[in-house]
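Asks: Input: one structure, supplied below.
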Amino acid sequence: MTGALDRGVDAAAYAARANPVAKLAVGLSIAVAMVLSLDPVTAGTALLLEVVALPWCGLSPVALARRSWVALVAALAAGVGTALFGSGDPQAAAAVTARILAVTLPGVVLLATTDPTDLADALAQVLRLPHRFVLAALAATRLLGVLSDEWAVLGLARRARGLGGGGPLGRLRDHLGRILALLVVAVRRATVLATAMEARGFGAATRRTWARPSRLHPSDAVVAGYGLLVAVAATAAGVAAGTWHLVLT
Amino acid sequence: MTRSSGWPGAVGVAARGWGWRYATRRAWAVRGVDLDVAPGERVLLLGSSGSGKSTLLAGLAGLLDPGEGADDGTGEEEGSLHLDGVPARVARRRAVAGGAARTGLLLQDPLAQTVLARCGDDVAFGLENHAVPTVEIWPRVEAAMRGVAFPYPTAHPTDQLSGGERQRLALAGVIALRPGLLLLDEPSAMLDEPGTRMLREQVAAVLAATGATCVLVEHRLAGWIDLVDRVVVLDRTGGIAADGPPVTVFAAHGAALAAGGVWVPGHEPWRGAGPPRTPPATAPPGDGEMLLQARGLTATRRARARAGLPPVVAGIDVTVAAGRALCVLGDNGTGKSTLALTLAGLERPVAGEVVAGPRLAAGLRSPSPHRWRPRELVSRIGTVFQDPEHQIVATTVAAEIAVGPRRAGVPAADVEARVEELLGRMRLEHVARANPFTLSGGEQRRLSVAAVLAARPRVLVLDEPTFGQDARTWDALVALLRELIAAGHGVVAVTHDAPLAGVLGDAVLRLGSEHPDRGREEPRVGAA
Amino acid sequence: MSTTVPGRRAGAPRLSAVHLAALAAGVLAGLLVWRIGLPDVHVWDTTLTALTVPTALTVGAGAGVVVIAVTSHRAWRVVDMTVAAVLAVAGGLFLWGMNAAWLPLTTPIGKVYPPLPALLNGVWILPGVLTGLIVRKPGAALFGETVAGAVEALTGGLWGFTSLYYGIVEGLGVELVFALLLYRRYGPVAAMAAGAGGGVALSVLDLTFYFTDYPAGQKLAYVLLSVLSCIVIAGLGGWALARALAATGALAPLSSGRAAQRV
């Protein structure tokens, strides 16, 4: 979770530089369009328009693949599944695959190009979400890097105690024990973190200043506008092609 | 660092019959404290574990809140605790509103007290909470980082810092707020020797430059003693047991404090441990027999390998023999733990091999421990992890000890007998039915060793077994390990505790202090 | 651990003025939305009024939660926030893991009977129920489920940002139950009810957006199976997990740990 900005990511790219709130708006607008209709033209158009904008997002193809493989695999599996076992309609299969890709891509780009700290700053300052909750969540994301290391150590420790192996039921039990141990460590850490934060004045006053002011710039309107454009254009294309169909009815 | 004109004066402390009880506890954490600390005074606070030192520091920091209703607060308070004539809690609130802290608190666990992902942001966090104007924040952040000689720029990611560096960063975050009272709660308990030394120097510099009052809690006193001009000992039953200049207090109470687990200079447990272990007159069973051998071993952690980082240790040749101890020394980040985990059959070697001796591997398909099944491993090589909590797998202490032998296929009646014996031997009978997570640090350490010994492994691998332990537990561990060695076990102890190696070591393997990848520490943990 | 709250708050929550006010506010808000209806705007060939009922339910539940939360006077401490946040983020990673396992798990059983995969739906509600049970503050379940959904979306989950919308609505479903119990009941029954609340929210969303073509019988089966799953996996499972955590003493600084016996 931490150190989100790494190899293959150009943080200075036009869309990567935008205020995180603008990138969030892109994802939310596209998600609305994708949830309203399931058809190949709408989803395909959205995906196409997203891919067209990729060069401005600062993600190299390798970085993109590394970060979106779960969605990629799932999208293909869902498409193949629909084609082979579902309706058997290739159009429906294409729609399923394109929709999963179109709806996940903005999230992948947002996460890859946005430092969690900047996202929290923007949520608290631009969207004015309650800053205590936003900052607590931010601090928690930092603990997760620590926890993923501990998850590995817990696995080794359980092997050393003679656990593991055995059937699927035994493995499930073993995993539950490991999850519990991890939660104990996580909650302990969160408790100490709370003390450390309070000792530095957190939560005592309602007023607070910001070392990193987060503001909206005209370019943010361009980025957010493009997201809206993708949503509207995709829907319009679907309607024009006659494939658009509101799932609600 | 020069005394800033903006630095408010040192803070005076006055406690009158002060006490605190946590809402979940029947007993008072601390009670009947009458204490005056003059502005600028530096006090070392001592007491056996459970005497309420940390609670007193939290109280001074204004963090304990009895709340308004029976169900609302986190505990119950009696007496009074004042900073410059104002209740500590009120002092904290006023300070936050006024933009400059009265107190600064540094905690024990380096991993848990870093708040943000970038060093500069982490130092700025307190200033933001105190509503310091944005234009003043960054100059003060940079001054504070210079003040602790922090070696990295503000944009440096905090997750790449070592424990010692994290503590110095936390110290920078504290002094950026210009507190008149510095509260240090075992700040070096989880650091290695170089990290401790560096932190101590920075604390000394900060105190000299600011003239702030300081209250310090620390178990390992060496080095810190020169910083303080007064020692206060809390009594476990309430009130204050001793108070005075260090020389006087240690002369009168040194032996008693040491017996209570405090690391008093001149009373360290190894002074009573006799000479370093020499081969005994009667050779232990199977003496010198090869149990485990590493040949040209290169090792790394799975997480590191996945991240594309180079292995931490390479080209290791070492033998673990029956009736012998092997101590692996080196500072944090030299790959000691990685080596231990690989020897113990938990991580797979990157290159080279680890092979078990014919007797240890008898009846198994492979001589390589990392290929053994968990139930085969547990009765042959036992591993004691640095943080006992990582090993806990059961819901009671007795069940925890029974896990290993049961997995190894020992008959139920024998398991019962082993549990009884180890509970007694490790002084754990009184907590036999307690949840292992609720035990104290020393009890957890003893439990982790008992749980591993229960499966009777011939080889025992211990990762920092004495880390953060008080002097009493240290002494007990050393006695037990010597006994195991005499009984023909092979012991591998990974440690940065030089005295431990001194009293145990037949063979010492020292890993280079050159950090192969500086900063990235091993996932090392230890909630106290 | 004793699961009832000790001391002066013992006893079953009675129907009080707060309940009535919340109920009134919820019904009023819901009715208002329902009466006015979403604009009869024809988005090409369909009218948005089709969304009126889910929207009215959401707004009504939200209004009720807000009234009870505001009147319950249970302020969040910093430790509540950090623990809730850690649980929520960990929950989000758990959901992300479920994303990877979802299609392989559900595709085969969906072939047996289409609504059958709903039997696994409980996992989606778990973060909200767990956070609510452990932190015990107004909004904890909503916060937990929303942040978990956001983390799922941001880590490249299958459903992208729709996970965030789902998180909010599911969180509201769980939160509503804890609110109706006036944030005083956290036993196994309360946990199961909270799971059921989340299950209803989840199945309404799924039926509205994904399974519109199911015949009425399958729709009903989908709702029942989802609610059952949420009661067992999220409700009972969450309660058992919270209890195991409390037994370790790690929750001592929180209200859920204080409700445990003094040691």
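Here, A, B, ... name the chains of the structure tokens in the order displayed, residue numbers run from 1 inside each chain, and ligands are numbered from 1 in the same displayed order.
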Might you pull out every residue within 8 Å of stretch 56-61 of chain C, with only C-alpha atoms counted and same-chain residues fewer than 2 positions away left off, and present them as a ChimeraX atom specification?

Replies: /C:25-34,52-54,63-65,169,172-173,176

Asks: Using only C-alpha atoms, tabulate the residues of chain B lying at most 7 Å from any atom of chain C, each with its closest atom pair and that distance in Å to one decimal, by chain and increasing residue number, as a Markdown table.

Replies:
| residue | atom | partner | partner_atom | distance |
| --- | --- | --- | --- | --- |
| B:Ala23 | CA | C:Arg258 | CA | 6.3 |
| B:Thr24 | CA | C:Arg262 | CA | 4.7 |
| B:Arg25 | CA | C:Arg262 | CA | 5.0 |
| B:Arg26 | CA | C:Arg262 | CA | 5.9 |
| B:Thr74 | CA | C:Pro253 | CA | 6.7 |
| B:Asn435 | CA | C:Thr248 | CA | 6.1 |
| B:Phe437 | CA | C:Thr248 | CA | 4.9 |
| B:Thr438 | CA | C:Gly249 | CA | 5.6 |

Asks: Give me the residues near B:Ser49 as a ChimeraX atom specification, where near means some atom within 9 Å (using only C-alpha atoms) and where sequence neighbours in that chain fewer than 4 positions away do not count.

Replies: /B:53,236,260-262,440,470

Asks: What's the separation between atom CA of B:Thr298 and atom CA of B:Thr319, in Å to one decimal place?

Replies: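 Spanning atom CA of B:Thr298 to atom CA of B:Thr319 is a straight-line distance of 14.9 Å.
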
Asks: Taking only C-alpha atoms into account, report as a VMD selection string which residues of chain C lie within 6 Å of chain A.

Replies: chain C and resid 78 to 79 81 to 83 85 to 86 154 156 158 160 to 162 208 to 209 250

Asks: Compute the set of chain A residues within 6 Å of chain B, using only C-alpha atoms, and express it as a VMD selection string.

Replies: chain A and resid 139 149 154 156 to 157 159 161 to 163 189 193 196 200 to 202 208 to 211

Asks: Selection from above, N, CA and C atoms, as a PDB file, in the first residue's frame, can you write it?

Replies:
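Output file part.pdb is given in full below:
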ATOM      1  N   ALA A 139      -3.317   6.793   8.284  1.00  0.00           N
ATOM      2  CA  ALA A 139      -2.308   6.166   9.144  1.00  0.00           C
ATOM      3  C   ALA A 139      -2.464   4.645   9.116  1.00  0.00           C
ATOM      4  N   ASP A 149       4.152  -7.842   6.031  1.00  0.00           N
ATOM      5  CA  ASP A 149       5.373  -8.540   6.459  1.00  0.00           C
ATOM      6  C   ASP A 149       5.048  -9.530   7.571  1.00  0.00           C
ATOM      7  N   LEU A 154       4.004 -14.848  10.342  1.00  0.00           N
ATOM      8  CA  LEU A 154       3.032 -15.724  11.008  1.00  0.00           C
ATOM      9  C   LEU A 154       2.972 -17.089  10.328  1.00  0.00           C
ATOM     10  N   LEU A 156       5.426 -18.606   8.708  1.00  0.00           N
ATOM     11  CA  LEU A 156       6.632 -19.352   9.095  1.00  0.00           C
ATOM     12  C   LEU A 156       6.502 -19.878  10.515  1.00  0.00           C
ATOM     13  N   ALA A 157       5.995 -19.011  11.403  1.00  0.00           N
ATOM     14  CA  ALA A 157       5.902 -19.400  12.808  1.00  0.00           C
ATOM     15  C   ALA A 157       4.961 -20.586  12.978  1.00  0.00           C
ATOM     16  N   ARG A 159       4.356 -22.917  10.726  1.00  0.00           N
ATOM     17  CA  ARG A 159       5.051 -24.111  10.250  1.00  0.00           C
ATOM     18  C   ARG A 159       5.997 -24.614  11.337  1.00  0.00           C
ATOM     19  N   ARG A 161       5.647 -24.419  14.419  1.00  0.00           N
ATOM     20  CA  ARG A 161       4.890 -25.063  15.492  1.00  0.00           C
ATOM     21  C   ARG A 161       4.268 -26.379  15.056  1.00  0.00           C
ATOM     22  N   GLY A 162       4.506 -26.761  13.802  1.00  0.00           N
ATOM     23  CA  GLY A 162       4.000 -28.052  13.330  1.00  0.00           C
ATOM     24  C   GLY A 162       2.632 -27.957  12.688  1.00  0.00           C
ATOM     25  N   LEU A 163       2.132 -26.746  12.460  1.00  0.00           N
ATOM     26  CA  LEU A 163       0.816 -26.590  11.843  1.00  0.00           C
ATOM     27  C   LEU A 163       0.943 -26.455  10.337  1.00  0.00           C
ATOM     28  N   ARG A 189      -1.205  -2.479  17.354  1.00  0.00           N
ATOM     29  CA  ARG A 189      -0.483  -1.407  16.683  1.00  0.00           C
ATOM     30  C   ARG A 189      -1.363  -0.164  16.580  1.00  0.00           C
ATOM     31  N   LEU A 193      -0.568   3.486  17.973  1.00  0.00           N
ATOM     32  CA  LEU A 193      -0.606   4.581  17.008  1.00  0.00           C
ATOM     33  C   LEU A 193      -1.507   5.709  17.518  1.00  0.00           C
ATOM     34  N   ALA A 196       0.371   7.645  20.055  1.00  0.00           N
ATOM     35  CA  ALA A 196       1.396   8.472  19.423  1.00  0.00           C
ATOM     36  C   ALA A 196       0.761   9.690  18.744  1.00  0.00           C
ATOM     37  N   ARG A 200       0.818  13.924  19.943  1.00  0.00           N
ATOM     38  CA  ARG A 200       1.209  15.052  19.097  1.00  0.00           C
ATOM     39  C   ARG A 200       0.004  15.943  18.784  1.00  0.00           C
ATOM     40  N   GLY A 201      -0.979  15.904  19.657  1.00  0.00           N
ATOM     41  CA  GLY A 201      -2.062  16.884  19.588  1.00  0.00           C
ATOM     42  C   GLY A 201      -3.228  16.495  18.705  1.00  0.00           C
ATOM     43  N   PHE A 202      -3.215  15.274  18.153  1.00  0.00           N
ATOM     44  CA  PHE A 202      -4.288  14.883  17.240  1.00  0.00           C
ATOM     45  C   PHE A 202      -5.594  14.686  18.006  1.00  0.00           C
ATOM     46  N   ARG A 208      -7.299  22.788  12.551  1.00  0.00           N
ATOM     47  CA  ARG A 208      -5.982  22.233  12.227  1.00  0.00           C
ATOM     48  C   ARG A 208      -5.525  22.896  10.948  1.00  0.00           C
ATOM     49  N   THR A 209      -4.212  23.012  10.783  1.00  0.00           N
ATOM     50  CA  THR A 209      -3.691  23.580   9.531  1.00  0.00           C
ATOM     51  C   THR A 209      -3.134  22.442   8.692  1.00  0.00           C
ATOM     52  N   TRP A 210      -2.772  22.736   7.466  1.00  0.00           N
ATOM     53  CA  TRP A 210      -2.294  21.692   6.564  1.00  0.00           C
ATOM     54  C   TRP A 210      -0.927  22.065   6.013  1.00  0.00           C
ATOM     55  N   ALA A 211       0.024  21.159   6.203  1.00  0.00           N
ATOM     56  CA  ALA A 211       1.369  21.405   5.689  1.00  0.00           C
ATOM     57  C   ALA A 211       1.382  21.300   4.171  1.00  0.00           C
TER      58      ALA A 211
END

Asks: Quick one: residues within 8 Å of C:Ile233, only C-alpha atoms, excluding same-chain residues fewer than 6 positions away - as a list in words?

Replies: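 My reading of the contact set: Gly122, Val123 and Leu126 of chain C.
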
Asks: Just the selected residues (N, CA and C atoms), exported as a PDB file, in the first residue's frame, please.

Replies:
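As a result, out.pdb now contains:
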ATOM      1  N   GLY C 122     -22.279 -13.423   2.357  1.00  0.00           N
ATOM      2  CA  GLY C 122     -21.961 -12.940   3.692  1.00  0.00           C
ATOM      3  C   GLY C 122     -20.566 -12.338   3.818  1.00  0.00           C
ATOM      4  N   VAL C 123     -19.625 -12.829   3.017  1.00  0.00           N
ATOM      5  CA  VAL C 123     -18.256 -12.317   3.161  1.00  0.00           C
ATOM      6  C   VAL C 123     -18.180 -10.819   2.875  1.00  0.00           C
ATOM      7  N   LEU C 126     -18.906  -8.806   6.078  1.00  0.00           N
ATOM      8  CA  LEU C 126     -18.100  -9.056   7.273  1.00  0.00           C
ATOM      9  C   LEU C 126     -17.347  -7.816   7.805  1.00  0.00           C
TER      10      LEU C 126
END

Asks: Can you tell me which residues surround stretch 89-94 of chain C at a distance of at most 6 Å, considering only C-alpha atoms, apart from same-chain residues fewer than 2 positions away, and format the answer as a ChimeraX atom specification?

Replies: /C:86-87,96-97,127,148,151-152
